[in-house]
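Novice: Please find data14.txt (compact mmCIF, C-alpha atoms) on the next line:
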```txt
# COMPACT_ATOMS: atom_id res chain seq x y z
CA MET A 136 2.28 263.60 52.55
CA LEU A 137 1.46 267.00 53.94
CA PHE A 138 -0.62 267.62 57.14
CA ARG A 139 -2.42 270.80 57.85
CA SER A 140 -4.79 271.67 60.71
CA LEU A 141 -7.65 274.23 60.51
CA THR A 142 -9.71 272.98 63.43
CA GLY A 143 -8.99 276.17 65.36
CA THR A 144 -10.95 278.13 62.81
CA ARG A 145 -14.18 276.15 63.12
CA HIS A 146 -17.24 277.86 64.72
CA THR A 147 -21.03 277.56 64.65
CA ASN A 148 -22.40 280.62 66.43
CA ALA A 149 -22.35 284.09 65.02
CA GLY A 150 -19.45 286.21 66.12
CA THR A 151 -16.08 287.71 65.20
CA TYR A 152 -13.22 285.30 65.80
CA ASN A 153 -9.90 287.11 65.67
CA GLY A 154 -6.66 285.14 65.83
CA ASP A 155 -8.01 281.74 64.91
CA ALA A 156 -5.00 279.42 64.81
CA TRP A 157 -3.93 277.20 61.95
CA ALA A 158 -0.95 274.90 61.72
CA PHE A 159 1.02 272.95 59.11
CA THR A 160 2.94 269.96 60.25
CA ASP A 161 5.23 268.24 57.75
CA VAL A 162 5.04 264.49 57.85
CA THR A 163 7.54 263.90 55.04
CA GLY A 164 10.58 265.52 56.50
CA ASN A 165 10.94 267.65 53.43
CA TYR A 166 9.15 270.78 54.61
CA ALA A 167 9.39 273.08 57.55
CA ASN A 168 6.43 273.23 59.86
CA ALA A 169 4.36 276.44 59.73
CA SER A 170 1.59 278.10 61.73
CA GLY A 171 -0.35 281.32 61.96
CA THR A 172 -3.67 282.98 62.73
CA VAL A 173 -6.64 284.19 60.76
CA ASP A 174 -9.63 286.40 61.59
CA ASP A 175 -13.02 284.73 60.94
CA VAL A 176 -16.57 286.14 61.09
CA ILE A 177 -19.99 284.48 61.22
CA VAL A 178 -22.52 287.24 60.61
CA GLU A 179 -25.85 287.20 62.57
CA ALA A 180 -28.70 285.79 60.51
CA ALA A 181 -31.91 287.72 59.94
CA PRO A 182 -34.90 286.01 61.62
CA THR A 183 -38.09 285.46 59.65
CA CYS A 184 -40.81 287.18 61.68
CA THR A 185 -44.50 286.67 60.89
CA ILE A 186 -46.90 288.99 62.74
CA ILE A 187 -50.66 288.33 62.67
CA PRO A 188 -52.59 291.58 63.24
CA LEU A 189 -55.18 291.89 66.00
CA ASP A 190 -58.74 291.57 64.61
CA VAL A 191 -61.38 290.56 67.18
CA VAL A 192 -64.76 291.66 68.54
CA TYR A 193 -64.80 293.41 71.91
CA ASP A 194 -65.40 290.97 74.78
CA GLY A 195 -64.05 292.88 77.77
CA THR A 196 -60.71 291.09 77.82
CA GLU A 197 -57.27 292.07 76.58
CA HIS A 198 -56.13 290.94 73.14
CA GLY A 199 -53.00 291.39 71.10
CA ALA A 200 -51.36 290.50 67.82
CA ALA A 201 -49.95 286.99 67.43
CA GLY A 202 -46.80 285.88 65.67
CA SER A 203 -43.44 284.18 65.75
CA CYS A 204 -39.87 284.66 64.63
CA ARG A 205 -38.13 281.64 63.11
CA GLY A 206 -34.45 280.98 62.60
CA VAL A 207 -32.59 278.72 60.22
CA PRO A 208 -34.15 275.27 59.78
CA GLY A 209 -32.33 273.67 62.67
CA ASP A 210 -33.26 276.40 65.17
CA GLY A 211 -37.04 276.56 64.57
CA VAL A 212 -39.07 279.14 66.53
CA LEU A 213 -36.91 281.67 68.37
CA SER A 214 -37.48 283.27 71.75
CA GLY A 215 -37.41 287.03 72.11
CA LEU A 216 -40.50 288.25 70.24
CA VAL A 217 -42.31 290.97 72.25
CA LEU A 218 -45.89 291.89 71.30
CA THR A 219 -46.98 293.80 74.42
CA GLY A 220 -47.30 297.03 72.41
CA THR A 221 -50.10 295.44 70.40
CA ARG A 222 -52.31 294.54 73.37
CA HIS A 223 -55.61 296.35 73.91
CA THR A 224 -58.96 295.81 75.62
CA ASN A 225 -61.34 298.49 74.34
CA ALA A 226 -62.83 298.65 70.87
CA GLY A 227 -60.88 300.76 68.44
CA THR A 228 -58.51 300.88 65.49
CA TYR A 229 -54.87 300.69 66.57
CA ASN A 230 -52.52 301.73 63.79
CA GLY A 231 -48.78 301.47 64.17
CA ASP A 232 -48.61 299.13 67.17
CA PRO A 233 -44.93 298.26 67.74
CA TRP A 234 -43.43 294.78 67.95
CA ALA A 235 -39.82 293.84 68.58
CA PHE A 236 -37.59 290.78 68.35
CA THR A 237 -34.56 290.78 70.62
CA ASP A 238 -32.15 287.91 69.99
CA VAL A 239 -31.24 285.92 73.08
CA THR A 240 -28.75 283.59 71.35
CA GLY A 241 -26.35 285.98 69.71
CA ASN A 242 -26.92 284.31 66.37
CA TYR A 243 -29.69 286.52 64.97
CA ALA A 244 -30.11 290.19 64.26
CA ASP A 245 -32.67 292.08 66.29
CA ALA A 246 -35.83 293.05 64.38
CA SER A 247 -38.76 295.39 64.90
CA GLY A 248 -41.75 296.83 63.12
CA THR A 249 -45.35 297.95 63.44
CA VAL A 250 -48.71 296.34 62.81
CA ASP A 251 -52.25 297.71 62.52
CA GLY A 252 -54.85 296.11 64.80
CA VAL A 253 -58.57 296.47 65.42
CA ILE A 254 -61.04 295.50 68.13
CA ARG A 255 -64.49 295.73 66.60
CA LYS A 256 -67.49 297.02 68.54
CA ALA A 257 -69.73 294.35 70.02
CA THR A 258 -73.49 294.24 69.38
CA PRO A 259 -75.45 294.68 72.63
CA ASP A 260 -78.31 292.33 73.44
CA CYS A 261 -81.35 294.62 73.70
CA SER A 262 -84.68 293.29 74.96
CA ILE A 263 -87.65 295.68 74.89
CA THR A 264 -90.99 294.75 76.49
CA PRO A 265 -93.99 296.74 75.20
CA TYR A 266 -97.01 297.27 77.42
CA SER A 267 -100.68 296.44 77.03
CA VAL A 268 -102.60 297.99 79.89
CA THR A 269 -105.89 299.68 80.69
CA TYR A 270 -105.99 303.45 81.01
CA ASP A 271 -105.43 304.57 84.61
CA ALA A 272 -104.57 308.28 84.16
CA THR A 273 -100.87 307.65 84.76
CA GLU A 274 -98.00 307.67 82.30
CA GLN A 275 -96.85 304.32 80.94
CA ILE A 276 -93.43 303.46 79.47
CA ALA A 277 -92.04 300.33 77.88
CA ALA A 278 -89.53 298.31 79.85
CA GLY A 279 -86.24 297.00 78.60
CA ALA A 280 -82.51 296.63 78.97
CA CYS A 281 -79.42 296.34 76.82
CA LEU A 282 -76.82 293.86 78.03
CA GLY A 283 -73.15 293.73 77.18
CA VAL A 284 -70.53 291.06 77.65
CA ASP A 285 -71.00 288.88 80.71
CA ASP A 286 -74.70 289.95 80.60
CA LEU A 287 -73.93 293.22 82.38
CA PRO A 288 -76.48 296.05 81.88
CA LEU A 289 -75.39 298.97 79.74
CA SER A 290 -76.29 302.64 79.98
CA GLY A 291 -77.67 304.44 76.97
CA LEU A 292 -81.13 302.89 76.40
CA ASP A 293 -83.72 305.59 75.64
CA LEU A 294 -87.40 304.60 75.90
CA GLY A 295 -88.77 308.14 76.02
CA ASP A 296 -90.75 307.78 72.77
CA THR A 297 -92.73 304.92 74.31
CA GLU A 298 -94.23 307.14 77.04
CA HIS A 299 -98.01 307.63 76.84
CA THR A 300 -100.88 308.38 79.19
CA ASP A 301 -104.01 308.46 77.05
CA ALA A 302 -105.75 305.40 75.68
CA GLY A 303 -104.70 304.33 72.22
CA GLN A 304 -102.65 301.92 70.14
CA TYR A 305 -99.18 303.31 69.55
CA VAL A 306 -97.63 301.55 66.59
CA GLY A 307 -93.97 302.18 65.86
CA ASP A 308 -92.89 303.61 69.21
CA ALA A 309 -89.16 304.11 68.80
CA TRP A 310 -86.41 303.04 71.18
CA THR A 311 -82.70 303.74 70.81
CA PHE A 312 -79.51 302.52 72.38
CA THR A 313 -76.60 304.95 72.17
CA ASP A 314 -73.30 303.53 73.35
CA VAL A 315 -71.47 305.63 75.94
CA THR A 316 -68.39 303.42 76.25
CA GLY A 317 -67.11 303.18 72.69
CA ASN A 318 -67.22 299.39 72.88
CA TYR A 319 -70.71 298.70 71.50
CA ARG A 320 -72.67 299.41 68.36
CA ASN A 321 -75.65 301.74 68.57
CA ARG A 322 -79.03 300.07 68.12
CA SER A 323 -82.61 301.13 67.53
CA GLY A 324 -86.02 299.63 66.92
CA ALA A 325 -89.73 300.06 67.43
CA VAL A 326 -92.49 298.42 69.48
CA THR A 327 -96.28 298.64 69.59
CA ASN A 328 -97.79 299.76 72.90
CA VAL A 329 -101.47 299.65 73.83
CA ILE A 330 -103.50 301.52 76.44
CA ALA A 331 -107.07 300.20 76.38
CA LYS A 332 -110.02 302.44 77.23
CA ALA A 333 -111.20 302.17 80.83
CA TRP A 334 -114.77 301.60 81.96
CA PRO A 335 -116.26 304.64 83.69
CA GLU A 336 -118.07 304.16 86.99
CA CYS A 337 -121.61 305.37 86.36
CA ASP A 338 -124.00 305.89 89.29
CA LEU A 339 -127.62 306.69 88.33
CA THR A 340 -130.33 307.76 90.76
CA PRO A 341 -133.87 307.33 89.42
CA TYR A 342 -136.63 309.49 90.80
CA SER A 343 -139.87 308.65 92.54
CA VAL A 344 -141.92 311.80 92.97
CA THR A 345 -145.47 313.02 92.97
CA TYR A 346 -146.77 314.83 89.95
CA ASP A 347 -146.26 318.57 90.29
CA ALA A 348 -146.64 319.74 86.69
CA THR A 349 -142.86 320.18 86.30
CA GLU A 350 -140.39 318.09 84.38
CA HIS A 351 -138.23 315.67 86.30
CA THR A 352 -134.95 314.06 85.27
CA ALA A 353 -132.92 311.33 86.88
CA THR A 354 -129.60 312.33 88.38
CA GLY A 355 -126.25 310.65 88.15
CA THR A 356 -122.54 310.91 87.50
CA CYS A 357 -119.91 308.97 85.61
CA THR A 358 -116.54 308.98 87.32
CA GLY A 359 -113.17 308.20 85.83
CA VAL A 360 -110.05 306.59 87.26
CA GLY A 361 -107.33 308.21 89.29
CA THR A 362 -107.45 311.97 89.26
CA ASP A 363 -109.93 312.23 86.39
CA GLY A 364 -112.89 312.65 88.70
CA GLU A 365 -116.36 313.31 87.28
CA LEU A 366 -116.57 312.90 83.52
CA GLY A 367 -118.56 314.82 80.99
CA GLY A 368 -120.76 313.00 78.51
CA LEU A 369 -123.59 311.60 80.64
CA ALA A 370 -126.94 312.14 78.90
CA LEU A 371 -130.13 311.79 80.99
CA SER A 372 -132.62 313.38 78.60
CA GLY A 373 -134.27 310.01 78.07
CA THR A 374 -135.35 310.10 81.72
CA ALA A 375 -137.11 313.47 81.51
CA HIS A 376 -140.87 313.32 82.17
CA THR A 377 -143.62 315.61 83.44
CA ASN A 378 -146.75 313.55 83.53
CA ALA A 379 -147.56 310.95 86.10
CA GLY A 380 -146.59 307.43 85.17
CA THR A 381 -144.17 304.56 85.65
CA TYR A 382 -141.30 304.81 83.16
CA ALA A 383 -139.74 301.37 83.21
CA ASN A 384 -137.30 301.77 80.30
CA ASP A 385 -135.81 305.19 80.73
CA ALA A 386 -132.51 305.22 78.84
CA TRP A 387 -129.30 306.91 79.85
CA THR A 388 -126.08 307.07 77.88
CA PHE A 389 -122.51 307.97 78.55
CA THR A 390 -120.52 309.13 75.53
CA ASP A 391 -116.83 309.58 76.18
CA VAL A 392 -115.39 312.94 75.18
CA THR A 393 -111.80 312.24 76.17
CA GLY A 394 -110.92 309.13 74.20
CA ASN A 395 -109.92 307.36 77.40
CA TYR A 396 -113.20 305.67 78.34
CA ARG A 397 -115.66 303.25 76.86
CA ASN A 398 -119.16 304.46 76.09
CA ARG A 399 -121.88 303.09 78.33
CA SER A 400 -125.65 302.96 78.40
CA GLY A 401 -128.43 301.53 80.50
CA LYS A 402 -131.98 301.82 81.68
CA ILE A 403 -133.65 302.81 84.91
CA VAL A 404 -137.20 302.94 86.25
CA ASP A 405 -138.55 306.40 87.06
CA LEU A 406 -141.89 307.08 88.75
CA ILE A 407 -144.20 310.09 88.91
CA GLU A 408 -147.16 309.32 91.08
CA LYS A 409 -150.53 310.92 90.55
CA ALA A 410 -151.24 313.89 92.72
CA GLU A 411 -154.19 313.98 95.10
CA GLN A 412 -157.07 316.09 93.86
CA ALA A 413 -157.41 319.27 95.90
CA ALA A 414 -160.57 319.49 97.98
CA LEU A 415 -163.20 321.84 96.59
CA SER A 416 -164.40 324.73 98.73
CA VAL A 417 -168.26 324.98 98.72
CA ASP A 418 -169.98 328.16 99.83
CA GLN A 419 -172.92 327.46 102.07
```
Would you write the structure of this file as structure tokens?

Specialist:
Amino acid sequence: MLFRSLTGTRHTNAGTYNGDAWAFTDVTGNYANASGTVDDVIVEAAPTCTIIPLDVVYDGTEHGAAGSCRGVPGDGVLSGLVLTGTRHTNAGTYNGDPWAFTDVTGNYADASGTVDGVIRKATPDCSITPYSVTYDATEQIAAGACLGVDDLPLSGLDLGDTEHTDAGQYVGDAWTFTDVTGNYRNRSGAVTNVIAKAWPECDLTPYSVTYDATEHTATGTCTGVGTDGELGGLALSGTAHTNAGTYANDAWTFTDVTGNYRNRSGKIVDLIEKAEQAALSVDQ
């Protein structure tokens, strides 16, 4: 029976093993013992690395690619995968982000590569409030805000096309949100704004006079709001009379010429009293 020993050449981990010893020991007495060395090599294995590209919607926090590197069945998931080069916060397309696997066991080859990632722009939450007011001679503008992540207000909302002063119904007033950060989608829309006509303040003064053979007319003014002052459009011709009498239903009208006021009308009582007859002069 022959006996040989190769236990000195047995290894598990990758590496170069020079001078591994072997021995032959004769157990029969018929052979000389022998021994020697041999150079052995266990080559590093290639890890299987799976990298999942970054693909999320912007939310104000940092994101990166995911992944793992696995070894042979008995080793499972390996440590040493670095994905810091794939981490980003702002919206954008990130082509060629580097990743690297550095073996910490000595049994696997290092690996590296690139991956393309994207953080998609978020949609802002825009709330626009149209107005429905009465004309007051001042400029009106719709209110609103566009909110981003964490309900923080964003710059870039333009409500300039909703600005109006004169009375009217403004259908389709445009608003726009233009992102200034690169992290949000642009948005736009339209609202309907209304400025109702105001009531003018009309002050009429009827007359009470004595007949004098001339025509009389009531006086009055219609005044607007704010800085508009006295308005044109007051007609008092229905109050014009010459002869003595009580005019109980004299009509006046206000017809708006600006588009900002409601028309008005009413009646007043005007009076022209009879004149006293002049005394006659009699020659004696």

Novice: Separation of CA of Thr269 in chain A and CA of Ala333 in chain A, in Å?

Specialist: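 Those two atoms sit 5.9 Å apart.
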
Novice: Set the distance at 9 Å and use all atoms listed in the file: which residues neighbour range 236-252 of chain A once local chain neighbours fewer than 6 positions away are removed? I'd like the list as a PDB file with C-alpha atoms, in the frame of the given file.

Specialist:
```pdb
ATOM      1  CA  ASN A 148     -22.400 280.620  66.430  1.00  0.00           C
ATOM      2  CA  ALA A 149     -22.350 284.090  65.020  1.00  0.00           C
ATOM      3  CA  GLY A 150     -19.450 286.210  66.120  1.00  0.00           C
ATOM      4  CA  ILE A 177     -19.990 284.480  61.220  1.00  0.00           C
ATOM      5  CA  VAL A 178     -22.520 287.240  60.610  1.00  0.00           C
ATOM      6  CA  GLU A 179     -25.850 287.200  62.570  1.00  0.00           C
ATOM      7  CA  ALA A 180     -28.700 285.790  60.510  1.00  0.00           C
ATOM      8  CA  ALA A 181     -31.910 287.720  59.940  1.00  0.00           C
ATOM      9  CA  PRO A 182     -34.900 286.010  61.620  1.00  0.00           C
ATOM     10  CA  CYS A 184     -40.810 287.180  61.680  1.00  0.00           C
ATOM     11  CA  ILE A 186     -46.900 288.990  62.740  1.00  0.00           C
ATOM     12  CA  ILE A 187     -50.660 288.330  62.670  1.00  0.00           C
ATOM     13  CA  PRO A 188     -52.590 291.580  63.240  1.00  0.00           C
ATOM     14  CA  LEU A 189     -55.180 291.890  66.000  1.00  0.00           C
ATOM     15  CA  ASP A 190     -58.740 291.570  64.610  1.00  0.00           C
ATOM     16  CA  VAL A 191     -61.380 290.560  67.180  1.00  0.00           C
ATOM     17  CA  GLY A 199     -53.000 291.390  71.100  1.00  0.00           C
ATOM     18  CA  ALA A 200     -51.360 290.500  67.820  1.00  0.00           C
ATOM     19  CA  CYS A 204     -39.870 284.660  64.630  1.00  0.00           C
ATOM     20  CA  GLY A 206     -34.450 280.980  62.600  1.00  0.00           C
ATOM     21  CA  LEU A 213     -36.910 281.670  68.370  1.00  0.00           C
ATOM     22  CA  SER A 214     -37.480 283.270  71.750  1.00  0.00           C
ATOM     23  CA  GLY A 215     -37.410 287.030  72.110  1.00  0.00           C
ATOM     24  CA  LEU A 216     -40.500 288.250  70.240  1.00  0.00           C
ATOM     25  CA  VAL A 217     -42.310 290.970  72.250  1.00  0.00           C
ATOM     26  CA  LEU A 218     -45.890 291.890  71.300  1.00  0.00           C
ATOM     27  CA  THR A 221     -50.100 295.440  70.400  1.00  0.00           C
ATOM     28  CA  GLY A 227     -60.880 300.760  68.440  1.00  0.00           C
ATOM     29  CA  THR A 228     -58.510 300.880  65.490  1.00  0.00           C
ATOM     30  CA  TYR A 229     -54.870 300.690  66.570  1.00  0.00           C
ATOM     31  CA  ASN A 230     -52.520 301.730  63.790  1.00  0.00           C
TER      32      ASN A 230
END
```

Novice: So how many Å separate CA of Arg205 in chain A and CA of Ile254 in chain A, to one decimal?

Specialist: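 Those two atoms sit 27.2 Å apart.
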
Novice: Would you mind telling me which residue in A:Ile407, A:Val212, A:Ala158, A:Ala226 lies nearest to Ala375 in chain A when using only C-alpha atoms?

Specialist: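 For Ala375 in chain A, the nearest of the given residues is A:Ile407.
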
Novice: Can you pull out every residue within 7 Å of Lys409 in chain A, counting all atoms listed in the file, but drop anything in the same chain fewer than 6 positions away, and send it as a list in words?

Specialist: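 Counting all atoms listed in the file, the residues come to Thr345, Tyr346 and Ala379 of chain A.
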
Novice: Work out how far apart CA of Ile403 in chain A and CA of Leu371 in chain A are and give it in Å to one decimal.

Specialist: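 So the two atoms, CA of Ile403 in chain A and CA of Leu371 in chain A, lie 10.4 Å apart.
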
Novice: Could you give me the centre and size, in Å to one decimal, of an axis-aligned box around all listed atoms of range 143-151 of chain A with 4 Å added on every side, as lines of an AutoDock Vina configuration file?

Specialist:
```
center_x = -15.7
center_y = 281.9
center_z = 64.6
size_x = 21.4
size_y = 19.6
size_z = 11.6
```

Novice: Measuring atom to atom with all atoms listed in the file, identify which of A:Pro265, A:Gly209, A:Pro233, A:Gly195 is nearest to Gly283 in chain A.

Specialist: A:Gly195
